[in-house]
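Since the structure comes first, as structure tokens, the remarks are kept for the end.
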Amino acid sequence: MRNIFITGGAGFIGSNLVKALVNKHYKIIVYDNLSTGTIENLSSVINKIDFYNGDLLDTDFLINCIKGCDFVFHLAANADVRFGIDHPSKDLHQNTIATFNVLEAMRENNIQKIAFSSTGSVYGEALVIPTPENAPFPIQTSLYSASKLAGEGLIEAYCEGFGFQAWIFRFVSVLGPKYSHGHVIDFYNQLIEHPDVLKVLGNGTQTKSYMHVNDCINGMLHAVNWSNKKINLFNLGTDETITVNDSIKILCNYLNLSPKIEYTGGNQGWIGDNPIIYLNTNKIKSLEWKPKYSIKQGIVDTIEYLIKNS
């Protein structure tokens with residue numbers, strides 16, 4: 001890697017990746033339409049990178065901006081799982097078609113290496129817990145996961161058809177500085193506005209693994225450096241899980257609040273909210289990588305970030 005192109009580089013994970021790579025003295029080109037990311041996320045490094053405000057559906061601009069790069073981190077996506085059924089075409093266009101456009105821009109410019117942020121949600125309501133990379137796929141439970149799985153398939157096909165090399169990462173949910181959406185921020189915002197009542201989708205028993213953004217970045221970079229197959233597919237997560245109820249306890253204890261909790265009921269908060277997401281990470285750990293942060297540390301770091309930036 002010398003010249004690195006990062007889609008979604010002004011977003012939560014992307015901006016943290018940009019900072020890490022700038023510190024390693026790579027030339028970084030960030031491409032982001034700022035629909036969810038912000039220039040403020042890049043404020044500490046903006047003078048050290050090239051930034052393009054562009055949409056991945058603008059193919060001519062994309063092809064021109066990616067020229068001269070030799071590695072792509074494709075992180076840009078619509079990650080709005082909960083409201084996916086309210087706008088079905090958004091996941092198709094911003095995730096699947098956008099991924100196709102990135103691959104075509106790479107092909108046009110003879111760039112053949114790509115790292116892709118997929119999701120543990122592709123396993124749906126998994127039959128094997130913790131879930132390994134070779135687990136049988138059940139029915140897809142959200143348009144988001146279906147669009148990400150389609151993106152994986154396109155990337156793999158370009159590896160076979162055009163000699164590309166890919167690193168595909170299936171993440172658990174990610175926490176930490178610059179965090180912008182998810183249950184911790186939803187609960188935090190509720191409690192700041194109404195400290196006495198917290199409304200929870202589902203019954204609070206949903207059980208998930210979460211990963212600190214620093215571990216996410218370090219895991220991706222470690223795999224890119226130490227795994228060199230044509231297609232390198234990895235789960236990224238931790239060996240822990242936590243229930244929604246226990247996340248609430250950490251948050252409330254930190255804020256010194258004791259709200260009345262109102263549940264909507266059921267083991268799902270919404271359609272596509274898989275009750276259990278817990279990934280087997282033995283494959284990435286076989287490369288002598290392991291996460292450094294506990295889930296509790298991730299939640300606390302997120303709370304501290306939200307307090308400082310409210």
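All residue names refer to the structure tokens as shown: chains lettered A, B, ... in order, residues numbered from 1 in each chain, ligands numbered from 1 in order.
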
Fill in: All alpha helix (DSSP H) residues (DSSP, backbone) inside segment 63-103 of chain A, as a list in words
Ile63, Asn64, Cys65, Pro88, Ser89, Lys90, Asp91, Ala98, Thr99, Phe100, Asn101, Val102 and Leu103 of chain A

Fill in: Surrounding residues of segment 273-278 of chain A excluding itself and chain neighbours under 6 positions, 12 Å, only C-alpha atoms, as a VMD selection string
chain A and resid 80 to 84 119 to 133 138 to 145 170 to 173 182 to 183 201 to 211 235 to 244 266 to 267

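Here the question is which of A:Thr7, A:Asn47, A:Thr264, A:Ser35 gets nearest to Val22 of chain A using only C-alpha atoms, and that residue is A:Asn47.
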
Do you know which residues are at most 12 Å from segment 154-159 of chain A counting only C-alpha atoms, after dropping those on the same chain fewer than 5 positions away, and could you put them as a compact mmCIF listing (two decimals) with N, CA and C atoms, in the first residue's frame?
# COMPACT_ATOMS: atom_id res chain seq x y z
N HIS A 74 -13.09 0.18 1.18
CA HIS A 74 -14.46 0.57 0.84
C HIS A 74 -15.34 0.43 2.08
N ASN A 95 -25.35 0.67 -1.16
CA ASN A 95 -24.48 -0.42 -0.74
C ASN A 95 -24.07 -1.30 -1.93
N THR A 96 -25.04 -1.90 -2.59
CA THR A 96 -24.70 -2.86 -3.65
C THR A 96 -24.22 -2.18 -4.93
N ILE A 97 -25.01 -1.27 -5.46
CA ILE A 97 -24.61 -0.59 -6.70
C ILE A 97 -23.37 0.26 -6.46
N ALA A 98 -23.29 0.89 -5.29
CA ALA A 98 -22.09 1.69 -4.96
C ALA A 98 -20.85 0.80 -4.95
N THR A 99 -20.97 -0.41 -4.43
CA THR A 99 -19.83 -1.33 -4.42
C THR A 99 -19.44 -1.72 -5.84
N PHE A 100 -20.44 -1.99 -6.68
CA PHE A 100 -20.16 -2.27 -8.10
C PHE A 100 -19.42 -1.10 -8.74
N ASN A 101 -19.85 0.12 -8.44
CA ASN A 101 -19.20 1.30 -9.03
C ASN A 101 -17.74 1.42 -8.56
N VAL A 102 -17.48 1.12 -7.29
CA VAL A 102 -16.11 1.15 -6.80
C VAL A 102 -15.26 0.13 -7.54
N LEU A 103 -15.79 -1.07 -7.72
CA LEU A 103 -15.05 -2.12 -8.42
C LEU A 103 -14.77 -1.73 -9.87
N GLU A 104 -15.74 -1.12 -10.52
CA GLU A 104 -15.53 -0.70 -11.91
C GLU A 104 -14.53 0.44 -12.00
N MET A 106 -12.09 0.88 -9.96
CA MET A 106 -10.80 0.22 -9.76
C MET A 106 -10.33 -0.44 -11.05
N ARG A 107 -11.23 -1.15 -11.70
CA ARG A 107 -10.86 -1.85 -12.94
C ARG A 107 -10.42 -0.87 -14.02
N ILE A 111 -6.53 -0.88 -10.55
CA ILE A 111 -6.32 -1.05 -9.10
C ILE A 111 -6.95 -2.39 -8.72
N GLN A 112 -6.23 -3.22 -8.01
CA GLN A 112 -6.72 -4.59 -7.82
C GLN A 112 -6.83 -5.05 -6.37
N LYS A 113 -6.59 -4.17 -5.41
CA LYS A 113 -6.65 -4.58 -4.01
C LYS A 113 -7.72 -3.78 -3.28
N ILE A 114 -8.62 -4.51 -2.58
CA ILE A 114 -9.73 -3.85 -1.89
C ILE A 114 -10.00 -4.52 -0.54
N ALA A 115 -10.23 -3.69 0.47
CA ALA A 115 -10.73 -4.16 1.76
C ALA A 115 -12.15 -3.64 1.91
N PHE A 116 -13.04 -4.49 2.37
CA PHE A 116 -14.48 -4.20 2.36
C PHE A 116 -15.08 -4.42 3.74
N SER A 117 -15.83 -3.45 4.20
CA SER A 117 -16.52 -3.59 5.49
C SER A 117 -17.89 -4.21 5.26
N SER A 118 -17.99 -5.49 5.61
CA SER A 118 -19.27 -6.18 5.56
C SER A 118 -19.85 -6.21 6.98
N SER A 147 -27.85 -6.52 1.11
CA SER A 147 -27.06 -5.66 0.22
C SER A 147 -25.57 -5.85 0.46
N LYS A 148 -25.18 -6.06 1.72
CA LYS A 148 -23.78 -6.30 2.03
C LYS A 148 -23.31 -7.65 1.49
N LEU A 149 -24.16 -8.66 1.61
CA LEU A 149 -23.82 -9.98 1.09
C LEU A 149 -23.68 -9.93 -0.43
N PHE A 164 -8.55 -9.46 -9.05
CA PHE A 164 -8.51 -8.63 -7.86
C PHE A 164 -8.09 -9.46 -6.65
N GLN A 165 -7.69 -8.77 -5.58
CA GLN A 165 -7.42 -9.39 -4.29
C GLN A 165 -8.24 -8.64 -3.25
N ALA A 166 -8.91 -9.39 -2.37
CA ALA A 166 -9.84 -8.76 -1.45
C ALA A 166 -9.66 -9.23 -0.01
N TRP A 167 -9.94 -8.30 0.90
CA TRP A 167 -10.05 -8.59 2.33
C TRP A 167 -11.45 -8.16 2.73
N ILE A 168 -12.28 -9.14 3.11
CA ILE A 168 -13.67 -8.88 3.46
C ILE A 168 -13.83 -9.09 4.96
N LYS A 229 -4.08 -14.21 0.64
CA LYS A 229 -4.79 -15.05 -0.34
C LYS A 229 -5.52 -14.17 -1.35
N LYS A 230 -6.09 -14.81 -2.34
CA LYS A 230 -6.87 -14.05 -3.31
C LYS A 230 -8.08 -13.40 -2.63
N ILE A 231 -8.81 -14.20 -1.84
CA ILE A 231 -9.96 -13.70 -1.09
C ILE A 231 -9.72 -14.02 0.38
N ASN A 232 -9.65 -12.99 1.20
CA ASN A 232 -9.37 -13.13 2.62
C ASN A 232 -10.61 -12.68 3.39
N LEU A 233 -11.31 -13.63 3.98
CA LEU A 233 -12.59 -13.35 4.65
C LEU A 233 -12.44 -13.56 6.15

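Of note, atom CA of Ile248 of chain A and atom CA of Ser180 of chain A are spaced 17.6 Å apart.
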
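The nearest approach to Tyr188 of chain A among the residues A:Glu304, A:Asp215, A:Glu108, A:Asp91, with only C-alpha atoms taken into account, belongs to A:Glu304.
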
Item to complete: Compile the contact shell of Thr38 of chain A as a ChimeraX atom specification: residues with an atom at most 12 Å away, counting only C-alpha atoms, same-chain residues fewer than 4 positions apart removed.
Response: /A:8-15,30-34,42-43,46,51,53,178-180

Item to complete: Tell me, as a PyMOL selection string, which residues lie within 7 Å of segment 66-71 of chain A, counting only C-alpha atoms; anything in the same chain fewer than 3 positions away does not count.
Response: chain A and resi 1-5+62-63+109+111+113-114

Write a file of the just-selected residues containing C-alpha atoms, as a tab-separated table (two decimals), in the first residue's frame.
chain	number	residue	atom	x	y	z
A	1	MET	CA	0.00	0.00	0.00
A	2	ARG	CA	1.26	3.46	-0.94
A	3	ASN	CA	-1.67	5.57	-2.12
A	4	ILE	CA	-4.85	4.57	-0.31
A	5	PHE	CA	-8.40	5.47	-1.36
A	62	LEU	CA	-15.32	8.49	-8.78
A	63	ILE	CA	-13.20	7.13	-11.65
A	109	ASN	CA	-7.68	2.44	-13.22
A	111	ILE	CA	-6.32	-1.05	-9.10
A	113	LYS	CA	-6.65	-4.58	-4.01
A	114	ILE	CA	-9.73	-3.85	-1.89

Discussion item. As a ChimeraX atom specification, please: every residue in segment 140-288 of chain A that a backbone DSSP assignment puts in strand (DSSP E or B).
Written reply: /A:165-171,173-175,197-200,207-208,210-212,231-236,242-243,260-263,276-277,279

Write the residues of the selection above to a file with N, CA and C atoms, as a JSON list (two decimals), in the first residue's frame.
[["chain", "number", "residue", "atom", "x", "y", "z"],
["A", 165, "GLN", "N", -7.69, -8.77, -5.58],
["A", 165, "GLN", "CA", -7.42, -9.39, -4.29],
["A", 165, "GLN", "C", -8.24, -8.64, -3.25],
["A", 166, "ALA", "N", -8.91, -9.39, -2.37],
["A", 166, "ALA", "CA", -9.84, -8.76, -1.45],
["A", 166, "ALA", "C", -9.66, -9.23, -0.01],
["A", 167, "TRP", "N", -9.94, -8.30, 0.90],
["A", 167, "TRP", "CA", -10.05, -8.59, 2.33],
["A", 167, "TRP", "C", -11.45, -8.16, 2.73],
["A", 168, "ILE", "N", -12.28, -9.14, 3.11],
["A", 168, "ILE", "CA", -13.67, -8.88, 3.46],
["A", 168, "ILE", "C", -13.83, -9.09, 4.96],
["A", 169, "PHE", "N", -14.35, -8.06, 5.64],
["A", 169, "PHE", "CA", -14.47, -8.11, 7.10],
["A", 169, "PHE", "C", -15.93, -8.05, 7.51],
["A", 170, "ARG", "N", -16.35, -9.07, 8.23],
["A", 170, "ARG", "CA", -17.69, -9.10, 8.80],
["A", 170, "ARG", "C", -17.61, -8.63, 10.24],
["A", 171, "PHE", "N", -18.07, -7.39, 10.47],
["A", 171, "PHE", "CA", -17.95, -6.76, 11.78],
["A", 171, "PHE", "C", -19.13, -7.11, 12.68],
["A", 173, "SER", "N", -21.07, -4.95, 15.84],
["A", 173, "SER", "CA", -21.27, -3.51, 16.00],
["A", 173, "SER", "C", -20.03, -2.89, 16.64],
["A", 174, "VAL", "N", -19.73, -1.67, 16.24],
["A", 174, "VAL", "CA", -18.50, -1.01, 16.65],
["A", 174, "VAL", "C", -18.82, 0.20, 17.53],
["A", 175, "LEU", "N", -18.02, 0.39, 18.57],
["A", 175, "LEU", "CA", -18.20, 1.48, 19.53],
["A", 175, "LEU", "C", -16.92, 2.31, 19.62],
["A", 197, "VAL", "N", -37.08, 8.21, 32.33],
["A", 197, "VAL", "CA", -37.71, 7.13, 31.56],
["A", 197, "VAL", "C", -36.81, 6.74, 30.39],
["A", 198, "LEU", "N", -36.66, 5.44, 30.17],
["A", 198, "LEU", "CA", -35.91, 4.95, 29.02],
["A", 198, "LEU", "C", -36.76, 3.93, 28.27],
["A", 199, "LYS", "N", -37.04, 4.22, 27.01],
["A", 199, "LYS", "CA", -37.83, 3.31, 26.19],
["A", 199, "LYS", "C", -36.89, 2.39, 25.42],
["A", 200, "VAL", "N", -37.16, 1.09, 25.50],
["A", 200, "VAL", "CA", -36.27, 0.08, 24.91],
["A", 200, "VAL", "C", -37.06, -0.76, 23.93],
["A", 207, "THR", "N", -28.78, -10.19, 22.66],
["A", 207, "THR", "CA", -27.41, -10.44, 23.12],
["A", 207, "THR", "C", -26.45, -10.27, 21.94],
["A", 208, "LYS", "N", -25.54, -9.33, 22.08],
["A", 208, "LYS", "CA", -24.66, -9.00, 20.96],
["A", 208, "LYS", "C", -23.21, -8.88, 21.43],
["A", 210, "TYR", "N", -19.79, -6.58, 20.76],
["A", 210, "TYR", "CA", -19.43, -5.24, 20.30],
["A", 210, "TYR", "C", -17.91, -5.12, 20.31],
["A", 211, "MET", "N", -17.40, -4.23, 19.46],
["A", 211, "MET", "CA", -15.96, -4.09, 19.30],
["A", 211, "MET", "C", -15.59, -2.60, 19.33],
["A", 212, "HIS", "N", -14.51, -2.28, 20.01],
["A", 212, "HIS", "CA", -14.00, -0.90, 20.02],
["A", 212, "HIS", "C", -13.44, -0.57, 18.65],
["A", 231, "ILE", "N", -8.81, -14.20, -1.84],
["A", 231, "ILE", "CA", -9.96, -13.70, -1.09],
["A", 231, "ILE", "C", -9.72, -14.02, 0.38],
["A", 232, "ASN", "N", -9.65, -12.99, 1.20],
["A", 232, "ASN", "CA", -9.37, -13.13, 2.62],
["A", 232, "ASN", "C", -10.61, -12.68, 3.39],
["A", 233, "LEU", "N", -11.31, -13.63, 3.98],
["A", 233, "LEU", "CA", -12.59, -13.35, 4.65],
["A", 233, "LEU", "C", -12.44, -13.56, 6.15],
["A", 234, "PHE", "N", -12.77, -12.52, 6.93],
["A", 234, "PHE", "CA", -12.59, -12.60, 8.38],
["A", 234, "PHE", "C", -13.79, -12.04, 9.12],
["A", 235, "ASN", "N", -14.20, -12.74, 10.18],
["A", 235, "ASN", "CA", -15.03, -12.14, 11.20],
["A", 235, "ASN", "C", -14.16, -11.21, 12.05],
["A", 236, "LEU", "N", -14.71, -10.09, 12.47],
["A", 236, "LEU", "CA", -14.02, -9.21, 13.41],
["A", 236, "LEU", "C", -14.95, -8.92, 14.58],
["A", 242, "ILE", "N", -22.89, -9.09, 25.35],
["A", 242, "ILE", "CA", -23.58, -8.35, 26.40],
["A", 242, "ILE", "C", -25.03, -8.19, 25.99],
["A", 243, "THR", "N", -25.93, -8.22, 26.96],
["A", 243, "THR", "CA", -27.34, -7.99, 26.65],
["A", 243, "THR", "C", -27.61, -6.49, 26.61],
["A", 260, "LYS", "N", -37.01, 4.64, 34.88],
["A", 260, "LYS", "CA", -37.98, 3.57, 34.66],
["A", 260, "LYS", "C", -37.80, 3.08, 33.22],
["A", 261, "ILE", "N", -37.70, 1.77, 33.05],
["A", 261, "ILE", "CA", -37.47, 1.23, 31.71],
["A", 261, "ILE", "C", -38.77, 0.67, 31.15],
["A", 262, "GLU", "N", -39.12, 1.13, 29.97],
["A", 262, "GLU", "CA", -40.33, 0.68, 29.29],
["A", 262, "GLU", "C", -39.94, -0.12, 28.05],
["A", 263, "TYR", "N", -40.35, -1.38, 28.00],
["A", 263, "TYR", "CA", -40.01, -2.26, 26.89],
["A", 263, "TYR", "C", -41.18, -2.37, 25.90],
["A", 276, "ILE", "N", -29.34, -12.61, 18.54],
["A", 276, "ILE", "CA", -27.99, -12.94, 18.98],
["A", 276, "ILE", "C", -27.01, -12.71, 17.83],
["A", 277, "ILE", "N", -25.99, -11.92, 18.08],
["A", 277, "ILE", "CA", -24.87, -11.80, 17.13],
["A", 277, "ILE", "C", -23.59, -12.00, 17.92],
["A", 279, "LEU", "N", -19.79, -13.67, 16.95],
["A", 279, "LEU", "CA", -18.99, -14.25, 15.88],
["A", 279, "LEU", "C", -17.78, -15.01, 16.42]]

Item to complete: Just give me the gap between atom CA of Leu257 of chain A and atom CA of Ile192 of chain A in Å, one decimal is fine.
Response: 10.1 Å

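Between atom CA of Leu17 of chain A and atom CA of Ile49 of chain A the interatomic distance comes to 12.4 Å.
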